[in-house]
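Worksheet: the structure to be examined is printed underneath.
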Amino acid sequence: MLSILGANDIYTMKLKLLLFVSIILISCKSTQEFTGFSYDPPGVTNTTGKEVTPQHRRVIGVGEPKIWLSNEFESARAVDFYQIDDTTYEVLVEPENFPINNSPWYAFKIWADVPKAINLRLAYNEGRHRYLPKVYRSMGSLSAQHIITDAEFDSTNGTATFGLFLEREPQTISAHFLENSRYSELILKSRSFPQSYITVDTVGYSNQNRAILAFTVDESDVDQAGVLVLISRQHPPEFPGYHAYRSFFDTMIGDSELAMEFRKHFVIKAFPMLNPDGVVNGHWRHNAMGVDLNRDWQNFNQPETRAVRDALSPLVDDPTKKVYYGIDFHSTNENIFYPINEEIVTTPDNLTQRWYDVITEELPEMNFVAEEFDTSSPIAKNWIYRTFGSDALTYEVSDELPIDQIQKLGVHSAESLMRLMLEEWKSQNN
């Protein structure tokens with residue numbers, strides 16, 4: 001049979017066979033049960049709850065004259081403190097439980113009875129050094145602060161060592177600056193909005209009975225308003241993503257002509273801190289039950305994810321609202337978009353890909369990249385797609401992006417998305 005076929009016929013048959021096999025492989029991949037991404041620890045999709053070791057809050061003094069370390073404040077994380085030799089001291093940092101993603105958060109205060117130059121070593125159980133140390137005097141101000149970029153990393157044991165001059169006045173050292181990241185500050189802000197079109201509701205409570213807050217921005221004057229869903233701080237250490245969210249949200253509720261036009265057509269539903277227990281307790285990744293919340297958007301075993309689900313689900317049957325888009329803010333080792341696969345039809349379709357093109361063209365210095373994923377994983381953006389049919393994005397900000405650049409990115413992202421969503425809304429309603 002093949003002997004009487006021409007070369008073009010054979011090529012066509014091979015092409016069809018390759019296409020058929022590809023479809024089968026893609027189908028098998030998309031239906032295979034999700035067990036975790038490559039960087040996830042084993043059992044990450046088991047979200048029923050695991051044992052967590054509470055952190056012992058205390059002040060530790062070592063040596064003579066004494067050098068002191070404290071973890072007695074919100075978001076602190078330091079398990080123990082040792083003197084190694086005359087000039088070297090070690091802070092031991094452990095996660096809330098393990099196995100766990102390597103996001104080794106640390107935060108502590110340190111001071112000395114007598115001024116002294118020391119070498120401080122950060123050592124980790126079940127992890128390796130990741131975040132550059134930030135040093136500052138006051139948790140209420142970043143005016144006297146610096147980032148230690150020359151810490152000596154030991155690739156064998158995952159520690160980091162750097163020089164530090166101690167005085168009687170405490171210094172705070174942490175993986176990220178704590179400014180605008182603490183749960184108590186969010187609670188205070190929720191009570192201070194002057195705008196009448198912003199309401200703040202408690203939609204649920206965490207495992208340790210902290211409020212899960214929902215910020216609703218509604219100034220719409222159309223028959224069916226679009227809804228933009230914003231989620232942040234599922235993972236406690238990811239402050240850059242949270243800070244980008246803050247700049248993003250503040251831009252959208254501002255008094256620019258663009259923001260006011262946007263709010264005529266769109267409602268914002270924002271959940272700025274989904275894991276308050278993890279933030280307050282200085283967790284590396286998990287909530288108070290030892291669970292990665294961004295793997296619980298299918299089973300909803302945890303009260304934090306259930307709170308958001310229950311707050312948003314009524315929008316499915318609300319004729320006056322339509323979920324248009326969702327963004328889940330995180331941070332990792334680069335600026336990256338994780339969109340839903342372009343081949344998957346969303347309503348509106350491929351909004352993320354169009355937005356990404358705008359950002360990379362207008363902010364090339366941010367070096368954004370994109371990596372598409374299917375919708376099989378039990379994460380927030382996929383739940384938004386499965387529930388509302390809308391496009392959604394995991395928005396990752398680089399771990400070490402400077403604060404001023406994070407703010408610039410948040411503002412520009414908000415402005416470019418508002419323009420894009422307004423264009424989309426008008427094209428569908430004209």
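Starting from 1 in every chain, residues are counted up; chains themselves are A, B, ... following the order of the structure tokens, and ligands are numbered from 1 as listed.
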
Checklist entry - Near Gln302 (chain A), within 9 Å and counting only C-alpha atoms, which residues show up once chain neighbours fewer than 3 positions away are dropped, as a list in words? => result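 What passes the distance filter is Thr47, Thr48, Gly49, Ser206, Asn207, Asn287, Met289, Val291, Leu293, Asp296, Asn299, Thr305, Arg306 and Ala307 of chain A.
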
Checklist entry - Please, which residues of region 237-369 of chain A, numbered as in this document, come out strand (DSSP E or B) from DSSP, as a list in words? => result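 Secondary structure check on region 237-369 of chain A, strand (DSSP E or B): Phe266, Val267, Ile268, Lys269, Ala270, Phe271, Lys321, Lys322, Val323, Tyr324, Tyr325, Gly326, Ile327, Asp328, Phe329, His330, Ser331, Thr332, Ile336, Phe337, Tyr338, Pro339, Ile340 and Val369 of chain A.
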
Output for the residues just chosen: C-alpha atoms as a compact mmCIF listing (two decimals), in the first residue's frame:
```txt
# COMPACT_ATOMS: atom_id res chain seq x y z
CA PHE A 266 -16.28 47.14 37.50
CA VAL A 267 -16.58 46.02 41.11
CA ILE A 268 -13.47 44.92 43.01
CA LYS A 269 -13.60 42.04 45.48
CA ALA A 270 -10.27 41.92 47.35
CA PHE A 271 -9.02 39.47 49.97
CA LYS A 321 -22.48 41.07 38.38
CA LYS A 322 -20.15 39.00 36.21
CA VAL A 323 -16.69 37.88 37.28
CA TYR A 324 -14.31 39.11 34.58
CA TYR A 325 -10.88 38.39 35.94
CA GLY A 326 -8.98 37.12 38.98
CA ILE A 327 -5.44 37.79 40.23
CA ASP A 328 -3.62 35.89 42.96
CA PHE A 329 -0.52 37.83 44.12
CA HIS A 330 2.63 35.93 45.13
CA SER A 331 6.40 36.29 44.99
CA THR A 332 9.21 34.02 43.84
CA ILE A 336 6.62 35.99 36.26
CA PHE A 337 3.06 35.54 35.03
CA TYR A 338 1.50 32.10 35.35
CA PRO A 339 -1.49 32.35 32.97
CA ILE A 340 -4.07 29.73 32.09
CA VAL A 369 8.46 36.14 31.78
```

Next on the checklist: Give me the residues near region 180-184 of chain A as number ranges by chain, where near means some atom within 12 Å (using only C-alpha atoms) and where sequence neighbours in that chain fewer than 3 positions away do not count.
Outcome noted: A: 73-76, 139-142, 176-177, 187-191, 210-213, 232-233, 236-247, 272-282, 403

Those same residues - N, CA and C atoms - I'd like them written as a short mmCIF file (atom, residue, chain, number, x, y, z; two decimals), in the first residue's frame.
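Output below, filename selection-v1.cif:
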```cif
data_model
loop_
_atom_site.label_atom_id
_atom_site.label_comp_id
_atom_site.auth_asym_id
_atom_site.auth_seq_id
_atom_site.Cartn_x
_atom_site.Cartn_y
_atom_site.Cartn_z
N PHE A 73 7.45 39.28 68.82
CA PHE A 73 6.67 40.27 68.07
C PHE A 73 5.99 39.56 66.90
N GLU A 74 4.99 40.22 66.35
CA GLU A 74 4.21 39.64 65.26
C GLU A 74 5.09 39.39 64.04
N SER A 75 4.96 38.23 63.46
CA SER A 75 5.68 37.78 62.26
C SER A 75 7.10 37.32 62.54
N ALA A 76 7.53 37.29 63.80
CA ALA A 76 8.88 36.84 64.12
C ALA A 76 9.04 35.34 63.86
N MET A 139 10.39 49.10 63.37
CA MET A 139 9.41 48.38 62.57
C MET A 139 8.36 49.33 62.01
N GLY A 140 8.35 50.60 62.45
CA GLY A 140 7.39 51.56 61.95
C GLY A 140 7.95 52.47 60.88
N SER A 141 9.25 52.32 60.58
CA SER A 141 9.87 53.20 59.59
C SER A 141 10.98 52.46 58.88
N LEU A 142 11.14 52.75 57.59
CA LEU A 142 12.22 52.14 56.82
C LEU A 142 13.34 53.15 56.55
N HIS A 176 12.20 39.86 54.82
CA HIS A 176 11.64 41.00 54.11
C HIS A 176 11.26 42.05 55.14
N PHE A 177 11.24 43.31 54.74
CA PHE A 177 10.81 44.36 55.64
C PHE A 177 9.38 44.12 56.07
N ILE A 187 -5.80 45.36 59.73
CA ILE A 187 -7.02 45.58 60.51
C ILE A 187 -7.25 47.08 60.71
N LEU A 188 -6.18 47.81 61.05
CA LEU A 188 -6.30 49.25 61.24
C LEU A 188 -6.73 49.94 59.95
N LYS A 189 -6.12 49.54 58.83
CA LYS A 189 -6.47 50.17 57.56
C LYS A 189 -7.92 49.90 57.18
N SER A 190 -8.42 48.72 57.54
CA SER A 190 -9.80 48.37 57.16
C SER A 190 -10.83 49.29 57.80
N ARG A 191 -10.41 50.01 58.84
CA ARG A 191 -11.34 50.90 59.55
C ARG A 191 -11.21 52.36 59.14
N ARG A 210 -8.78 34.48 63.54
CA ARG A 210 -8.50 35.82 63.01
C ARG A 210 -9.41 36.07 61.82
N ALA A 211 -9.85 37.31 61.68
CA ALA A 211 -10.82 37.66 60.65
C ALA A 211 -10.22 37.54 59.25
N ILE A 212 -10.96 36.93 58.33
CA ILE A 212 -10.65 36.97 56.91
C ILE A 212 -11.46 38.12 56.32
N LEU A 213 -10.75 39.16 55.90
CA LEU A 213 -11.41 40.39 55.47
C LEU A 213 -11.62 40.40 53.96
N SER A 232 -4.44 37.83 48.00
CA SER A 232 -3.04 38.03 48.36
C SER A 232 -2.71 37.32 49.66
N ARG A 233 -1.43 37.08 49.85
CA ARG A 233 -0.81 36.57 51.09
C ARG A 233 -1.34 35.19 51.50
N PRO A 236 2.82 33.24 53.70
CA PRO A 236 3.23 34.34 54.58
C PRO A 236 4.49 35.10 54.16
N PRO A 237 5.59 34.45 53.71
CA PRO A 237 6.81 35.21 53.43
C PRO A 237 6.75 36.07 52.17
N GLU A 238 5.71 35.94 51.38
CA GLU A 238 5.73 36.54 50.05
C GLU A 238 5.27 38.00 50.09
N PHE A 239 6.04 38.78 50.87
CA PHE A 239 5.74 40.19 51.04
C PHE A 239 5.81 40.99 49.74
N PRO A 240 6.78 40.75 48.82
CA PRO A 240 6.79 41.54 47.59
C PRO A 240 5.48 41.46 46.82
N GLY A 241 4.88 40.27 46.75
CA GLY A 241 3.59 40.14 46.09
C GLY A 241 2.51 40.91 46.81
N TYR A 242 2.54 40.88 48.14
CA TYR A 242 1.56 41.62 48.94
C TYR A 242 1.74 43.12 48.75
N HIS A 243 2.99 43.57 48.72
CA HIS A 243 3.23 45.00 48.54
C HIS A 243 2.79 45.45 47.14
N ALA A 244 3.01 44.60 46.13
CA ALA A 244 2.52 44.93 44.78
C ALA A 244 0.99 45.01 44.79
N TYR A 245 0.35 44.09 45.50
CA TYR A 245 -1.11 44.14 45.63
C TYR A 245 -1.55 45.48 46.22
N ARG A 246 -0.88 45.93 47.28
CA ARG A 246 -1.27 47.18 47.94
C ARG A 246 -1.21 48.36 46.98
N SER A 247 -0.10 48.47 46.23
CA SER A 247 0.02 49.56 45.26
C SER A 247 -1.03 49.43 44.16
N PRO A 272 -7.10 40.65 50.90
CA PRO A 272 -5.68 41.00 50.92
C PRO A 272 -4.79 40.10 51.76
N MET A 273 -5.34 39.42 52.77
CA MET A 273 -4.50 38.56 53.60
C MET A 273 -5.27 37.29 53.95
N LEU A 274 -5.07 36.27 53.12
CA LEU A 274 -5.82 35.04 53.28
C LEU A 274 -5.26 34.15 54.39
N ASN A 275 -4.02 34.35 54.76
CA ASN A 275 -3.38 33.49 55.75
C ASN A 275 -2.88 34.31 56.94
N PRO A 276 -3.78 34.93 57.70
CA PRO A 276 -3.33 35.77 58.82
C PRO A 276 -2.59 34.99 59.90
N ASP A 277 -2.99 33.75 60.14
CA ASP A 277 -2.29 32.94 61.16
C ASP A 277 -0.83 32.73 60.77
N GLY A 278 -0.61 32.40 59.50
CA GLY A 278 0.75 32.18 59.04
C GLY A 278 1.59 33.44 59.13
N VAL A 279 0.99 34.60 58.80
CA VAL A 279 1.71 35.87 58.87
C VAL A 279 2.08 36.20 60.31
N VAL A 280 1.11 36.13 61.21
CA VAL A 280 1.35 36.49 62.62
C VAL A 280 2.38 35.57 63.25
N ASN A 281 2.33 34.29 62.92
CA ASN A 281 3.21 33.30 63.55
C ASN A 281 4.54 33.13 62.84
N GLY A 282 4.78 33.91 61.78
CA GLY A 282 6.05 33.82 61.09
C GLY A 282 6.27 32.51 60.37
N ILE A 403 11.74 48.05 46.85
CA ILE A 403 10.43 48.56 47.23
C ILE A 403 9.90 49.57 46.22
#
```

Next on the checklist: I want to know what sits within 10 Å of Lys264 (chain A), based on only C-alpha atoms, with residues of the same chain fewer than 4 positions away left out; could you give that as number ranges by chain?
Outcome noted: A: 218-222, 225-226, 259-260, 422

Could you take the residues named above and write them with N, CA and C atoms, as a short mmCIF file (atom, residue, chain, number, x, y, z; two decimals), in the first residue's frame?
```cif
data_model
loop_
_atom_site.label_atom_id
_atom_site.label_comp_id
_atom_site.auth_asym_id
_atom_site.auth_seq_id
_atom_site.Cartn_x
_atom_site.Cartn_y
_atom_site.Cartn_z
N ASP A 218 -17.36 49.25 45.16
CA ASP A 218 -18.52 49.21 44.27
C ASP A 218 -19.06 50.63 44.07
N GLU A 219 -18.76 51.17 42.90
CA GLU A 219 -19.28 52.47 42.49
C GLU A 219 -19.89 52.35 41.10
N SER A 220 -20.31 51.14 40.75
CA SER A 220 -20.76 50.85 39.39
C SER A 220 -22.12 51.48 39.11
N ASP A 221 -22.33 51.82 37.83
CA ASP A 221 -23.62 52.40 37.43
C ASP A 221 -24.09 51.79 36.12
N VAL A 222 -23.81 50.48 35.93
CA VAL A 222 -24.25 49.76 34.74
C VAL A 222 -25.14 48.61 35.16
N ALA A 225 -22.32 44.81 36.13
CA ALA A 225 -20.93 45.23 36.36
C ALA A 225 -20.01 44.02 36.29
N GLY A 226 -18.82 44.24 35.75
CA GLY A 226 -17.80 43.22 35.82
C GLY A 226 -17.19 43.17 37.21
N ALA A 259 -9.26 55.56 37.00
CA ALA A 259 -9.81 54.76 38.09
C ALA A 259 -11.31 55.02 38.26
N MET A 260 -11.72 56.27 38.16
CA MET A 260 -13.14 56.58 38.32
C MET A 260 -13.97 55.98 37.20
N LEU A 422 -11.49 47.92 30.49
CA LEU A 422 -12.50 48.85 29.97
C LEU A 422 -12.71 48.67 28.47
#
```

Checklist entry - Taking into account only C-alpha atoms, which residue in the set A:Asp404, A:Glu343, A:Glu371, A:Asp292 is nearest to Val44 (chain A)? => result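 Smallest distance to Val44 (chain A) is found for A:Asp292.
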
Checklist entry - What does the distance from CA of Val229 (chain A) to CA of Asp399 (chain A) come to in Å, to one decimal? => result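 The value is 23.2 Å.
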
Checklist entry - Would you give me, as a PyMOL selection string, the residues in region 9-238 of chain A that DSSP reads as helix (DSSP H, G or I)? => result chain A and resi 9-31+183-190
